[in-house]
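One file, entry.cif, carrying mmCIF, C-alpha atoms:
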data_protein
loop_
_atom_site.label_atom_id
_atom_site.label_comp_id
_atom_site.auth_asym_id
_atom_site.auth_seq_id
_atom_site.Cartn_x
_atom_site.Cartn_y
_atom_site.Cartn_z
CA MET I 847 -21.18 -15.83 -41.55
CA GLY I 848 -18.60 -13.36 -40.17
CA ALA I 849 -20.97 -10.45 -40.78
CA VAL I 850 -23.80 -12.19 -38.96
CA LYS I 851 -21.46 -12.91 -36.05
CA THR I 852 -20.48 -9.26 -35.61
CA LYS I 853 -24.13 -8.20 -35.60
CA ARG I 854 -25.40 -10.90 -33.23
CA MET I 855 -22.43 -11.49 -30.97
CA PRO I 856 -22.73 -13.97 -28.08
CA ARG I 857 -23.62 -12.28 -24.83
CA ALA I 858 -20.32 -13.32 -23.20
CA VAL I 859 -18.31 -11.60 -25.93
CA ARG I 860 -20.38 -8.40 -25.75
CA GLU I 861 -20.00 -8.39 -21.98
CA GLN I 862 -16.20 -8.63 -22.23
CA GLN I 863 -16.23 -5.67 -24.64
CA MET I 864 -18.26 -3.67 -22.15
CA LEU I 865 -15.86 -4.61 -19.37
CA ASP I 866 -12.87 -3.67 -21.55
CA ALA I 867 -14.40 -0.24 -22.14
CA ALA I 868 -15.36 0.13 -18.47
CA VAL I 869 -11.89 -0.79 -17.12
CA ARG I 870 -10.31 1.71 -19.50
CA THR I 871 -12.75 4.47 -18.56
CA PHE I 872 -12.69 3.83 -14.79
CA GLY I 873 -8.90 3.49 -14.84
CA GLN I 874 -8.23 6.65 -16.83
CA ARG I 875 -10.97 9.00 -15.61
CA GLY I 876 -11.71 7.62 -12.15
CA TYR I 877 -14.85 5.98 -10.82
CA MET I 878 -16.72 9.20 -10.07
CA ALA I 879 -15.97 10.99 -13.34
CA ALA I 880 -16.62 7.96 -15.58
CA SER I 881 -20.05 8.06 -17.24
CA MET I 882 -22.13 5.14 -18.48
CA ASP I 883 -22.62 7.07 -21.77
CA GLU I 884 -18.87 7.16 -22.30
CA ILE I 885 -18.47 3.46 -21.51
CA ALA I 886 -21.32 2.45 -23.84
CA GLU I 887 -19.89 4.58 -26.65
CA LEU I 888 -16.38 3.14 -26.21
CA ALA I 889 -17.83 -0.40 -26.20
CA GLY I 890 -19.84 0.40 -29.35
CA VAL I 891 -23.17 -0.53 -27.78
CA SER I 892 -26.23 1.36 -26.53
CA LYS I 893 -26.41 2.50 -22.92
CA PRO I 894 -29.60 0.47 -22.23
CA LEU I 895 -27.72 -2.66 -23.32
CA VAL I 896 -24.97 -1.94 -20.75
CA TYR I 897 -27.64 -1.60 -18.04
CA LEU I 898 -29.40 -4.75 -19.29
CA TYR I 899 -26.18 -6.78 -19.08
CA LEU I 900 -24.43 -5.24 -16.06
CA ASN I 901 -27.36 -3.70 -14.15
CA SER I 902 -25.82 -0.51 -12.66
CA LYS I 903 -22.62 1.54 -12.52
CA GLU I 904 -21.84 -0.09 -9.13
CA ASP I 905 -22.34 -3.62 -10.49
CA LEU I 906 -20.32 -2.80 -13.61
CA PHE I 907 -17.46 -1.51 -11.43
CA THR I 908 -17.64 -4.61 -9.22
CA ALA I 909 -17.49 -6.82 -12.33
CA CYS I 910 -14.40 -4.87 -13.48
CA ILE I 911 -12.69 -5.34 -10.11
CA ARG I 912 -13.40 -9.08 -10.10
CA ARG I 913 -12.20 -9.61 -13.65
CA GLU I 914 -9.00 -7.61 -13.18
CA ALA I 915 -8.28 -9.25 -9.80
CA ALA I 916 -8.70 -12.74 -11.30
CA ALA I 917 -6.49 -11.84 -14.28
CA LEU I 918 -3.71 -10.48 -12.05
CA THR I 919 -3.77 -13.43 -9.65
CA GLU I 920 -3.77 -15.86 -12.57
CA ALA I 921 -0.85 -14.05 -14.27
CA VAL I 922 1.27 -14.34 -11.11
CA ARG I 923 0.40 -18.02 -10.57
CA ALA I 924 1.09 -18.84 -14.22
CA GLY I 925 4.43 -17.01 -14.11
CA VAL I 926 5.87 -19.15 -11.32
CA ARG I 927 7.27 -22.64 -11.87
CA ARG I 928 6.74 -24.35 -8.56
CA ASP I 929 9.66 -26.75 -9.03
CA ALA I 930 12.23 -23.92 -9.35
CA PRO I 931 14.43 -22.72 -6.44
CA ALA I 932 12.78 -20.18 -4.14
CA ASP I 933 14.64 -17.07 -5.33
CA ARG I 934 13.84 -18.03 -8.91
CA GLN I 935 10.15 -18.47 -8.03
CA LEU I 936 10.07 -15.07 -6.37
CA TRP I 937 11.81 -13.45 -9.35
CA GLU I 938 9.36 -15.07 -11.77
CA GLY I 939 6.35 -14.15 -9.65
CA LEU I 940 7.47 -10.53 -9.32
CA GLY I 941 8.29 -10.42 -13.02
CA ALA I 942 4.81 -11.71 -13.91
CA PHE I 943 3.24 -9.21 -11.49
CA PHE I 944 5.08 -6.16 -12.83
CA THR I 945 4.65 -7.27 -16.45
CA HIS I 946 0.91 -7.66 -15.95
CA THR I 947 0.49 -4.31 -14.14
CA ALA I 948 2.60 -2.55 -16.81
CA GLN I 949 0.59 -4.10 -19.65
CA ASN I 950 -2.73 -3.39 -17.91
CA PRO I 951 -2.24 0.04 -16.32
CA ASP I 952 -5.97 0.77 -16.35
CA GLY I 953 -6.75 -2.54 -14.66
CA TRP I 954 -4.09 -1.85 -12.03
CA SER I 955 -5.46 1.65 -11.46
CA VAL I 956 -8.92 0.10 -10.95
CA LEU I 957 -7.56 -2.38 -8.39
CA HIS I 958 -4.97 -0.34 -6.54
CA LEU I 959 -6.53 3.11 -6.61
CA GLN I 960 -10.16 3.29 -7.74
CA ALA I 961 -11.48 0.22 -5.90
CA ARG I 962 -9.87 1.38 -2.66
CA THR I 963 -11.06 4.97 -2.74
CA HIS I 964 -14.78 4.62 -3.42
CA GLY I 965 -16.29 2.80 -0.49
CA GLU I 966 -16.15 -0.36 1.58
CA PRO I 967 -17.81 -2.90 -0.76
CA PHE I 968 -15.32 -2.21 -3.58
CA ALA I 969 -12.40 -2.12 -1.12
CA ALA I 970 -13.51 -5.51 0.25
CA GLU I 971 -13.30 -7.04 -3.25
CA VAL I 972 -9.67 -5.95 -3.57
CA ALA I 973 -8.88 -7.02 -0.01
CA ALA I 974 -9.99 -10.56 -0.89
CA MET I 975 -7.62 -10.68 -3.87
CA ARG I 976 -4.80 -9.23 -1.76
CA ALA I 977 -5.32 -11.88 0.92
CA GLU I 978 -4.99 -14.56 -1.76
CA ILE I 979 -1.71 -13.08 -3.03
CA VAL I 980 -0.34 -12.75 0.54
CA ALA I 981 -1.20 -16.43 1.14
CA PHE I 982 0.61 -17.37 -2.08
CA VAL I 983 3.72 -15.37 -1.10
CA THR I 984 3.60 -16.86 2.41
CA GLN I 985 3.78 -20.34 0.86
CA LEU I 986 6.75 -19.21 -1.27
CA ILE I 987 8.65 -17.96 1.78
CA LEU I 988 7.82 -21.12 3.74
CA ALA I 989 9.09 -23.20 0.79
CA ALA I 990 12.29 -21.14 0.79
CA ALA I 991 12.67 -21.72 4.53
CA ARG I 992 12.19 -25.46 4.04
CA GLU I 993 14.79 -25.44 1.25
CA ALA I 994 17.20 -23.76 3.66
CA HIS I 995 16.07 -26.13 6.46
CA ARG I 996 15.24 -23.17 8.67
CA ASP I 997 11.67 -24.08 9.65
CA PRO I 998 12.14 -24.17 13.43
CA ASP I 999 13.89 -20.79 13.50
CA LEU I 1000 11.44 -18.84 11.38
CA PRO I 1001 8.19 -18.47 13.34
CA GLU I 1002 4.90 -18.34 11.45
CA SER I 1003 4.19 -14.75 12.46
CA GLU I 1004 7.57 -13.67 11.09
CA VAL I 1005 6.78 -15.33 7.75
CA ALA I 1006 3.35 -13.65 7.67
CA GLY I 1007 5.03 -10.29 8.31
CA LEU I 1008 7.59 -10.85 5.54
CA ALA I 1009 4.80 -11.71 3.10
CA GLU I 1010 2.89 -8.54 4.04
CA ALA I 1011 6.04 -6.47 3.57
CA LEU I 1012 6.76 -8.00 0.17
CA VAL I 1013 3.22 -7.52 -1.14
CA GLY I 1014 3.09 -3.93 0.16
CA ALA I 1015 6.42 -3.17 -1.49
CA ALA I 1016 5.26 -4.69 -4.80
CA GLU I 1017 2.01 -2.69 -4.80
CA SER I 1018 3.85 0.51 -4.08
CA LEU I 1019 6.47 -0.17 -6.78
CA ALA I 1020 3.87 -1.08 -9.43
CA ALA I 1021 2.06 2.24 -8.94
CA TRP I 1022 5.39 4.08 -9.07
CA ALA I 1023 6.64 2.17 -12.15
CA ASN I 1024 3.42 2.91 -14.07
CA ALA I 1025 3.66 6.61 -13.18
CA THR I 1026 7.39 6.94 -13.98
CA PRO I 1027 8.44 7.07 -17.63
CA GLY I 1028 11.21 4.66 -18.58
CA VAL I 1029 10.83 2.20 -15.69
CA THR I 1030 10.33 -1.30 -17.10
CA ALA I 1031 8.68 -4.31 -15.47
CA ARG I 1032 12.07 -6.03 -15.36
CA GLN I 1033 13.66 -3.07 -13.57
CA ALA I 1034 10.85 -2.93 -11.01
CA ALA I 1035 11.20 -6.67 -10.37
CA ALA I 1036 15.00 -6.38 -10.08
CA THR I 1037 14.70 -3.42 -7.67
CA LEU I 1038 12.43 -5.44 -5.40
CA MET I 1039 14.71 -8.49 -5.60
CA ASN I 1040 17.68 -6.29 -4.70
CA PHE I 1041 15.72 -4.86 -1.83
CA ALA I 1042 14.20 -8.07 -0.58
CA TRP I 1043 15.99 -11.16 -1.69
CA ALA I 1044 19.42 -10.63 -0.20
CA GLY I 1045 17.68 -9.79 3.07
CA LEU I 1046 15.44 -12.84 2.95
CA GLY I 1047 18.39 -14.93 1.84
CA ASN I 1048 20.49 -13.87 4.83
CA LEU I 1049 17.54 -14.58 7.09
CA MET I 1050 17.15 -18.09 5.66
CA ASP I 1051 20.86 -18.69 6.20
CA GLY I 1052 20.43 -17.84 9.86
CA ARG I 1053 21.96 -14.37 9.62
CA PRO I 1054 19.19 -12.00 10.66
CA TRP I 1055 19.74 -8.28 10.97
CA SER I 1056 20.32 -7.50 14.65
CA PRO I 1057 18.84 -4.47 16.33
CA PRO I 1058 21.53 -2.41 18.07
CA ASP I 1059 21.31 -2.32 21.86
CA ALA I 1060 21.39 1.31 22.82
CA PRO I 1061 19.72 3.82 25.14
CA HIS I 1062 17.67 5.35 22.30
CA GLU I 1063 15.40 2.31 22.04
CA VAL I 1064 12.45 1.38 19.87
CA SER I 1065 9.53 0.67 22.19
CA GLY I 1066 7.93 -2.76 21.95
CA MET Z 854 -9.27 29.23 38.22
CA GLY Z 855 -9.21 25.59 37.11
CA ALA Z 856 -13.02 25.42 37.15
CA VAL Z 857 -13.32 28.58 35.04
CA LYS Z 858 -10.79 27.17 32.56
CA THR Z 859 -12.76 23.95 32.02
CA LYS Z 860 -15.93 25.92 31.35
CA ARG Z 861 -14.41 28.51 29.01
CA MET Z 862 -11.65 26.58 27.36
CA PRO Z 863 -9.55 28.26 24.67
CA ARG Z 864 -10.83 27.50 21.17
CA ALA Z 865 -7.62 25.67 20.23
CA VAL Z 866 -8.01 23.25 23.13
CA ARG Z 867 -11.69 22.58 22.38
CA GLU Z 868 -10.82 22.00 18.75
CA GLN Z 869 -8.19 19.41 19.68
CA GLN Z 870 -10.76 17.61 21.84
CA MET Z 871 -13.17 17.53 18.89
CA LEU Z 872 -10.42 16.19 16.64
CA ASP Z 873 -9.49 13.54 19.23
CA ALA Z 874 -13.11 12.38 19.29
CA ALA Z 875 -13.40 12.54 15.50
CA VAL Z 876 -10.22 10.52 14.85
CA ARG Z 877 -11.39 7.87 17.28
CA THR Z 878 -14.87 7.70 15.73
CA PHE Z 879 -13.71 7.79 12.09
CA GLY Z 880 -10.97 5.26 12.83
CA GLN Z 881 -13.18 2.78 14.65
CA ARG Z 882 -16.50 3.12 12.82
CA GLY Z 883 -15.38 4.29 9.38
CA TYR Z 884 -16.05 7.60 7.65
CA MET Z 885 -19.50 6.72 6.35
CA ALA Z 886 -20.89 5.24 9.58
CA ALA Z 887 -19.47 7.94 11.87
CA SER Z 888 -22.09 10.51 12.90
CA MET Z 889 -21.55 14.10 13.99
CA ASP Z 890 -23.84 13.41 16.99
CA GLU Z 891 -21.50 10.66 18.15
CA ILE Z 892 -18.41 12.81 17.71
CA ALA Z 893 -19.93 15.76 19.58
CA GLU Z 894 -21.02 13.49 22.44
CA LEU Z 895 -17.60 11.87 22.70
CA ALA Z 896 -15.95 15.33 22.71
CA GLY Z 897 -18.40 16.52 25.38
CA VAL Z 898 -19.64 19.46 23.33
CA SER Z 899 -22.82 20.32 21.42
CA LYS Z 900 -23.18 19.38 17.77
CA PRO Z 901 -23.67 23.04 16.68
CA LEU Z 902 -20.32 23.86 18.30
CA VAL Z 903 -18.61 21.16 16.19
CA TYR Z 904 -20.16 22.67 13.04
CA LEU Z 905 -19.24 26.19 14.21
CA TYR Z 906 -15.58 25.20 14.69
CA LEU Z 907 -15.04 22.62 11.93
CA ASN Z 908 -17.76 23.56 9.43
CA SER Z 909 -18.85 20.16 8.01
CA LYS Z 910 -18.20 16.42 8.28
CA GLU Z 911 -15.92 16.69 5.22
CA ASP Z 912 -13.91 19.55 6.71
CA LEU Z 913 -13.70 17.77 10.07
CA PHE Z 914 -12.40 14.63 8.33
CA THR Z 915 -9.86 16.69 6.35
CA ALA Z 916 -8.67 18.32 9.60
CA CYS Z 917 -8.26 14.84 11.12
CA ILE Z 918 -6.21 13.63 8.15
CA ARG Z 919 -3.94 16.70 8.28
CA ARG Z 920 -3.37 16.46 12.03
CA GLU Z 921 -2.64 12.72 11.97
CA ALA Z 922 -0.40 13.04 8.91
CA ALA Z 923 1.62 15.83 10.55
CA ALA Z 924 1.92 13.84 13.80
CA LEU Z 925 3.14 10.71 11.99
CA THR Z 926 5.66 12.58 9.84
CA GLU Z 927 6.94 14.45 12.90
CA ALA Z 928 7.25 11.22 14.94
CA VAL Z 929 9.40 9.63 12.22
CA ARG Z 930 11.62 12.71 11.81
CA ALA Z 931 12.04 13.05 15.59
CA GLY Z 932 12.93 9.35 15.91
CA VAL Z 933 15.92 9.55 13.58
CA ARG Z 934 19.30 10.92 14.64
CA ARG Z 935 20.75 12.26 11.42
CA ASP Z 936 24.35 11.79 12.54
CA ALA Z 937 23.93 8.02 13.09
CA PRO Z 938 25.02 5.38 10.53
CA ALA Z 939 22.48 4.68 7.80
CA ASP Z 940 21.23 1.30 9.05
CA ARG Z 941 20.80 2.81 12.50
CA GLN Z 942 18.81 5.73 11.04
CA LEU Z 943 16.58 3.35 9.14
CA TRP Z 944 16.03 1.20 12.23
CA GLU Z 945 15.17 4.26 14.31
CA GLY Z 946 12.88 5.68 11.64
CA LEU Z 947 11.03 2.37 11.24
CA GLY Z 948 10.85 1.97 15.01
CA ALA Z 949 9.35 5.45 15.38
CA PHE Z 950 6.91 4.72 12.55
CA PHE Z 951 5.66 1.40 13.94
CA THR Z 952 5.57 2.76 17.52
CA HIS Z 953 3.46 5.72 16.41
CA THR Z 954 1.06 3.62 14.31
CA ALA Z 955 0.71 1.09 17.17
CA GLN Z 956 0.02 3.83 19.72
CA ASN Z 957 -2.38 5.64 17.40
CA PRO Z 958 -4.30 2.82 15.66
CA ASP Z 959 -7.31 5.08 14.99
CA GLY Z 960 -5.09 7.76 13.46
CA TRP Z 961 -3.41 5.14 11.27
CA SER Z 962 -6.78 3.73 10.23
CA VAL Z 963 -7.86 7.26 9.23
CA LEU Z 964 -4.69 7.75 7.14
CA HIS Z 965 -4.16 4.32 5.62
CA LEU Z 966 -7.74 3.13 5.17
CA GLN Z 967 -10.45 5.74 5.63
CA ALA Z 968 -8.78 8.64 3.82
CA ARG Z 969 -8.01 6.43 0.83
CA THR Z 970 -11.44 4.87 0.46
CA HIS Z 971 -13.74 7.88 0.49
CA GLY Z 972 -12.90 9.99 -2.52
CA GLU Z 973 -10.15 11.88 -4.30
CA PRO Z 974 -9.79 15.00 -2.10
CA PHE Z 975 -9.12 12.93 1.04
CA ALA Z 976 -6.85 10.54 -0.86
CA ALA Z 977 -4.87 13.55 -2.15
CA GLU Z 978 -4.21 14.71 1.44
CA VAL Z 979 -2.68 11.34 2.30
CA ALA Z 980 -0.76 11.21 -0.98
CA ALA Z 981 0.95 14.50 -0.04
CA MET Z 982 2.08 13.07 3.31
CA ARG Z 983 3.25 9.87 1.64
CA ALA Z 984 5.31 11.85 -0.90
CA GLU Z 985 7.03 13.63 1.98
CA ILE Z 986 7.90 10.33 3.70
CA VAL Z 987 9.16 8.84 0.40
CA ALA Z 988 11.39 11.92 -0.06
CA PHE Z 989 12.73 11.47 3.48
CA VAL Z 990 13.50 7.77 2.90
CA THR Z 991 15.10 8.61 -0.45
CA GLN Z 992 17.49 10.96 1.36
CA LEU Z 993 18.27 8.19 3.88
CA ILE Z 994 19.13 5.72 1.11
CA LEU Z 995 21.23 8.33 -0.72
CA ALA Z 996 23.08 9.03 2.54
CA ALA Z 997 23.70 5.29 2.94
CA ALA Z 998 25.00 5.15 -0.63
CA ARG Z 999 27.35 8.06 0.06
CA GLU Z 1000 28.58 6.36 3.24
CA ALA Z 1001 29.34 3.28 1.15
CA HIS Z 1002 30.83 5.48 -1.61
CA ARG Z 1003 28.50 3.91 -4.15
CA ASP Z 1004 26.93 7.08 -5.64
CA PRO Z 1005 27.94 6.53 -9.27
CA ASP Z 1006 26.65 2.94 -9.31
CA LEU Z 1007 23.24 3.56 -7.78
CA PRO Z 1008 21.16 5.53 -10.28
CA GLU Z 1009 18.56 7.98 -9.00
CA SER Z 1010 15.63 6.00 -10.38
CA GLU Z 1011 16.86 2.90 -8.54
CA VAL Z 1012 16.99 4.85 -5.27
CA ALA Z 1013 13.48 6.22 -5.90
CA GLY Z 1014 12.25 2.67 -6.49
CA LEU Z 1015 13.87 1.38 -3.31
CA ALA Z 1016 12.25 4.19 -1.30
CA GLU Z 1017 8.83 3.35 -2.80
CA ALA Z 1018 9.32 -0.32 -1.96
CA LEU Z 1019 10.34 0.45 1.62
CA VAL Z 1020 7.42 2.81 2.27
CA GLY Z 1021 4.93 0.38 0.71
CA ALA Z 1022 6.30 -2.46 2.83
CA ALA Z 1023 6.08 -0.33 6.00
CA GLU Z 1024 2.47 0.70 5.29
CA SER Z 1025 1.47 -2.88 4.66
CA LEU Z 1026 3.23 -4.13 7.81
CA ALA Z 1027 1.73 -1.41 10.03
CA ALA Z 1028 -1.80 -2.37 8.99
CA TRP Z 1029 -0.97 -6.05 9.56
CA ALA Z 1030 0.72 -5.44 12.93
CA ASN Z 1031 -2.27 -3.44 14.21
CA ALA Z 1032 -4.66 -6.19 13.10
CA THR Z 1033 -2.57 -9.07 14.49
CA PRO Z 1034 -2.61 -9.65 18.26
CA GLY Z 1035 0.82 -9.93 19.85
CA VAL Z 1036 2.87 -8.25 17.14
CA THR Z 1037 4.87 -5.40 18.70
CA ALA Z 1038 6.24 -2.27 17.04
CA ARG Z 1039 9.75 -3.58 17.65
CA GLN Z 1040 8.95 -6.89 15.93
CA ALA Z 1041 7.43 -5.13 12.93
CA ALA Z 1042 10.50 -2.88 12.63
CA ALA Z 1043 12.86 -5.87 12.97
CA THR Z 1044 10.91 -7.84 10.33
CA LEU Z 1045 11.27 -4.99 7.87
CA MET Z 1046 14.97 -4.57 8.68
CA ASN Z 1047 15.49 -8.30 8.14
CA PHE Z 1048 13.64 -8.06 4.88
CA ALA Z 1049 15.17 -4.86 3.64
CA TRP Z 1050 18.42 -3.97 5.26
CA ALA Z 1051 20.56 -6.94 4.36
CA GLY Z 1052 19.34 -6.49 0.77
CA LEU Z 1053 20.07 -2.78 0.73
CA GLY Z 1054 23.38 -3.43 2.47
CA ASN Z 1055 24.49 -5.90 -0.18
CA LEU Z 1056 23.43 -3.45 -2.88
CA MET Z 1057 25.48 -0.66 -1.28
CA ASP Z 1058 28.46 -2.99 -1.11
CA GLY Z 1059 28.19 -3.54 -4.86
CA ARG Z 1060 26.65 -6.99 -4.62
CA PRO Z 1061 23.25 -6.65 -6.29
CA TRP Z 1062 20.95 -9.61 -6.77
CA SER Z 1063 21.40 -10.83 -10.35
CA PRO Z 1064 18.48 -11.93 -12.49
CA PRO Z 1065 19.07 -15.42 -13.88
CA ASP Z 1066 19.53 -15.59 -17.65
CA ALA Z 1067 17.11 -18.20 -18.87
CA PRO Z 1068 14.56 -18.88 -21.61
CA HIS Z 1069 11.59 -18.20 -19.29
CA GLU Z 1070 12.27 -14.46 -19.20
CA VAL Z 1071 10.59 -11.52 -17.50
CA SER Z 1072 9.60 -9.07 -20.21
CA GLY Z 1073 11.03 -5.59 -19.97
#
Would you encode the structure as structure tokens?
Amino acid sequence: MGAVKTKRMPRAVREQQMLDAAVRTFGQRGYMAASMDEIAELAGVSKPLVYLYLNSKEDLFTACIRREAAALTEAVRAGVRRDAPADRQLWEGLGAFFTHTAQNPDGWSVLHLQARTHGEPFAAEVAAMRAEIVAFVTQLILAAAREAHRDPDLPESEVAGLAEALVGAAESLAAWANATPGVTARQAAATLMNFAWAGLGNLMDGRPWSPPDAPHEVSG
Amino acid sequence: MGAVKTKRMPRAVREQQMLDAAVRTFGQRGYMAASMDEIAELAGVSKPLVYLYLNSKEDLFTACIRREAAALTEAVRAGVRRDAPADRQLWEGLGAFFTHTAQNPDGWSVLHLQARTHGEPFAAEVAAMRAEIVAFVTQLILAAAREAHRDPDLPESEVAGLAEALVGAAESLAAWANATPGVTARQAAATLMNFAWAGLGNLMDGRPWSPPDAPHEVSG
């Protein structure tokens, strides 16, 4: 029965194998340089079968982006226990994020680099995932503000800005961690907590950083 | 004499006018949709003259990226007084960054969005500028560490990570500030200082954020 199964695999399984091979190839060689021949060979299937299942190189790439985006978002959500204190939730979420991007460097390269550098439709797919993560982080910061009873003093636009800053910092750090030998997911998460949490924490406690008043001013 | 000058303008001046028109067109319409006809018309010159001076759409786009990258880097460097305390330098640098990106939204769109989404050679141009800004921020953080006499306790890889986080957060916030009505450069800079400085400050003072020790652990 096992032998029959490997010969006539369900379509869903074959498709995942093709996507595995495609993510690896797109991530390591880049969207332009990756060939459908290479992907078919790595997946152990014929090239016509890849076209039959995934239609075109563009559609295959889009399917890769969607799968990797869903996996990353799910990893972050699963890593956070919503009943924990806010700093703990942020630490767990960042830990899950950096662990996932470290364990799936090709998937992260597809999302962060390849999908953004090869045209609007692919970039729009990633932008949708990013918006979801920003919304999730915004909720986390709002929860932290509620915990600290600071709601009235932390305007919505400030929270949105903090969430954008945190997500941008995490993206930047993940790319750097994957490109730098010896940097672990835990270190990357701790660096971002060091950078961000004490600042956010002070803000929640009503101790914002104050701009100096001086002649050399930052224009509004 | 003025009339003669406008008719037979020096090449350098004409070229800047073409680049002004190109940055505006690429920034607002996107690299793909922008046409050389449109750019020539906006610059008030003939299309053949644009090709004569800038060679091709690709070369024109590359020239735009280089000019905008140099202008942004220069604005940040000029905004920072190197003899000021570290938090002041960071505030001034961020203020100069957000002021420049707010005043040059098309230039920022070319650098942050267009140059990254239309192929490797353009992305590489922006990556070079980004590396320069990360190096500059790294020096700022090292200077802050020296001020706080914390050199031995803040390893180089930690400083590199903090610089990556800060630059990623600034990029993300600049894109958000430009897309969000009513957010000023000063607000964006203050948000990032709130987010980052208190955290960095605590770190410099030898009070890092400590990861909780618990069964639900972030994998290294």
Seminar exercise, completed: Between atom CA of Gly972 of chain Z and atom CA of Gln862 of chain I lies a distance of 27.3 Å
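Non-sequential neighbours of Leu964 of chain Z (distance at most 10 Å, separation of 6 or more positions within a chain, only C-alpha atoms) are Z:Val876, Z:Gly880, Z:Cys917, Z:Ile918, Z:Arg919, Z:Glu921, Z:Ala922, Z:Leu925, Z:Pro958, Z:Thr970, Z:Phe975, Z:Ala976, Z:Glu978, Z:Val979, Z:Ala980, Z:Met982, Z:Arg983.
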Problem set entry | Given the PyMOL selection byres ((chain Z and resi 1026) around 12), the residues it picks as a ChimeraX atom specification | /I:980,1003-1015 /Z:947,950-951,954-955,961,965,1019-1025,1027-1033,1036-1046,1048
Exercise. Hey, what comes out of the PyMOL selection byres ((chain I and resi 890-903) around 12) on this file? Could you write it as a ChimeraX atom specification?
Worked result: /I:852-855,857-869,871-872,877-889,904-910
Could those residues be written to a file, using C-alpha atoms, as a PDB file, in the frame of the given file?
ATOM      1  CA  THR I 852     -20.480  -9.260 -35.610  1.00  0.00           C
ATOM      2  CA  LYS I 853     -24.130  -8.200 -35.600  1.00  0.00           C
ATOM      3  CA  ARG I 854     -25.400 -10.900 -33.230  1.00  0.00           C
ATOM      4  CA  MET I 855     -22.430 -11.490 -30.970  1.00  0.00           C
ATOM      5  CA  ARG I 857     -23.620 -12.280 -24.830  1.00  0.00           C
ATOM      6  CA  ALA I 858     -20.320 -13.320 -23.200  1.00  0.00           C
ATOM      7  CA  VAL I 859     -18.310 -11.600 -25.930  1.00  0.00           C
ATOM      8  CA  ARG I 860     -20.380  -8.400 -25.750  1.00  0.00           C
ATOM      9  CA  GLU I 861     -20.000  -8.390 -21.980  1.00  0.00           C
ATOM     10  CA  GLN I 862     -16.200  -8.630 -22.230  1.00  0.00           C
ATOM     11  CA  GLN I 863     -16.230  -5.670 -24.640  1.00  0.00           C
ATOM     12  CA  MET I 864     -18.260  -3.670 -22.150  1.00  0.00           C
ATOM     13  CA  LEU I 865     -15.860  -4.610 -19.370  1.00  0.00           C
ATOM     14  CA  ASP I 866     -12.870  -3.670 -21.550  1.00  0.00           C
ATOM     15  CA  ALA I 867     -14.400  -0.240 -22.140  1.00  0.00           C
ATOM     16  CA  ALA I 868     -15.360   0.130 -18.470  1.00  0.00           C
ATOM     17  CA  VAL I 869     -11.890  -0.790 -17.120  1.00  0.00           C
ATOM     18  CA  THR I 871     -12.750   4.470 -18.560  1.00  0.00           C
ATOM     19  CA  PHE I 872     -12.690   3.830 -14.790  1.00  0.00           C
ATOM     20  CA  TYR I 877     -14.850   5.980 -10.820  1.00  0.00           C
ATOM     21  CA  MET I 878     -16.720   9.200 -10.070  1.00  0.00           C
ATOM     22  CA  ALA I 879     -15.970  10.990 -13.340  1.00  0.00           C
ATOM     23  CA  ALA I 880     -16.620   7.960 -15.580  1.00  0.00           C
ATOM     24  CA  SER I 881     -20.050   8.060 -17.240  1.00  0.00           C
ATOM     25  CA  MET I 882     -22.130   5.140 -18.480  1.00  0.00           C
ATOM     26  CA  ASP I 883     -22.620   7.070 -21.770  1.00  0.00           C
ATOM     27  CA  GLU I 884     -18.870   7.160 -22.300  1.00  0.00           C
ATOM     28  CA  ILE I 885     -18.470   3.460 -21.510  1.00  0.00           C
ATOM     29  CA  ALA I 886     -21.320   2.450 -23.840  1.00  0.00           C
ATOM     30  CA  GLU I 887     -19.890   4.580 -26.650  1.00  0.00           C
ATOM     31  CA  LEU I 888     -16.380   3.140 -26.210  1.00  0.00           C
ATOM     32  CA  ALA I 889     -17.830  -0.400 -26.200  1.00  0.00           C
ATOM     33  CA  GLU I 904     -21.840  -0.090  -9.130  1.00  0.00           C
ATOM     34  CA  ASP I 905     -22.340  -3.620 -10.490  1.00  0.00           C
ATOM     35  CA  LEU I 906     -20.320  -2.800 -13.610  1.00  0.00           C
ATOM     36  CA  PHE I 907     -17.460  -1.510 -11.430  1.00  0.00           C
ATOM     37  CA  THR I 908     -17.640  -4.610  -9.220  1.00  0.00           C
ATOM     38  CA  ALA I 909     -17.490  -6.820 -12.330  1.00  0.00           C
ATOM     39  CA  CYS I 910     -14.400  -4.870 -13.480  1.00  0.00           C
TER      40      CYS I 910
END
Problem set entry | Top pick for closest residue to chain Z, considering I:Val922, I:Leu986, I:Ala930, I:Ala942 and counting all atoms listed in the file | I:Ala942
For this session: Extract, using all atoms listed in the file, all DNA, RNA and protein residues at most 10 Å from Gln942 of chain Z, discarding same-chain residues fewer than 2 positions from it, and format them as a list in words.
Result: Gly932, Val933, Arg934, Arg935, Asp936, Ala937, Pro938, Ala939, Asp940, Trp944, Glu945, Gly946, Leu947, Gly948, Val990, Leu993, Ile994 and Ala997 of chain Z
For this session: Find the distance between atom CA of Ala996 of chain Z and atom CA of Ala928 of chain Z and write it in Å to one decimal.
Result: 20.2 Å
Centre and edge lengths, as lines of an AutoDock Vina configuration file, for the axis-aligned box enclosing every listed atom of segment 951-954 of chain I with 5 Å of padding on each of the six sides, in Å to one decimal?
center_x = -4.5
center_y = -0.9
center_z = -14.2
size_x = 14.5
size_y = 13.3
size_z = 14.3
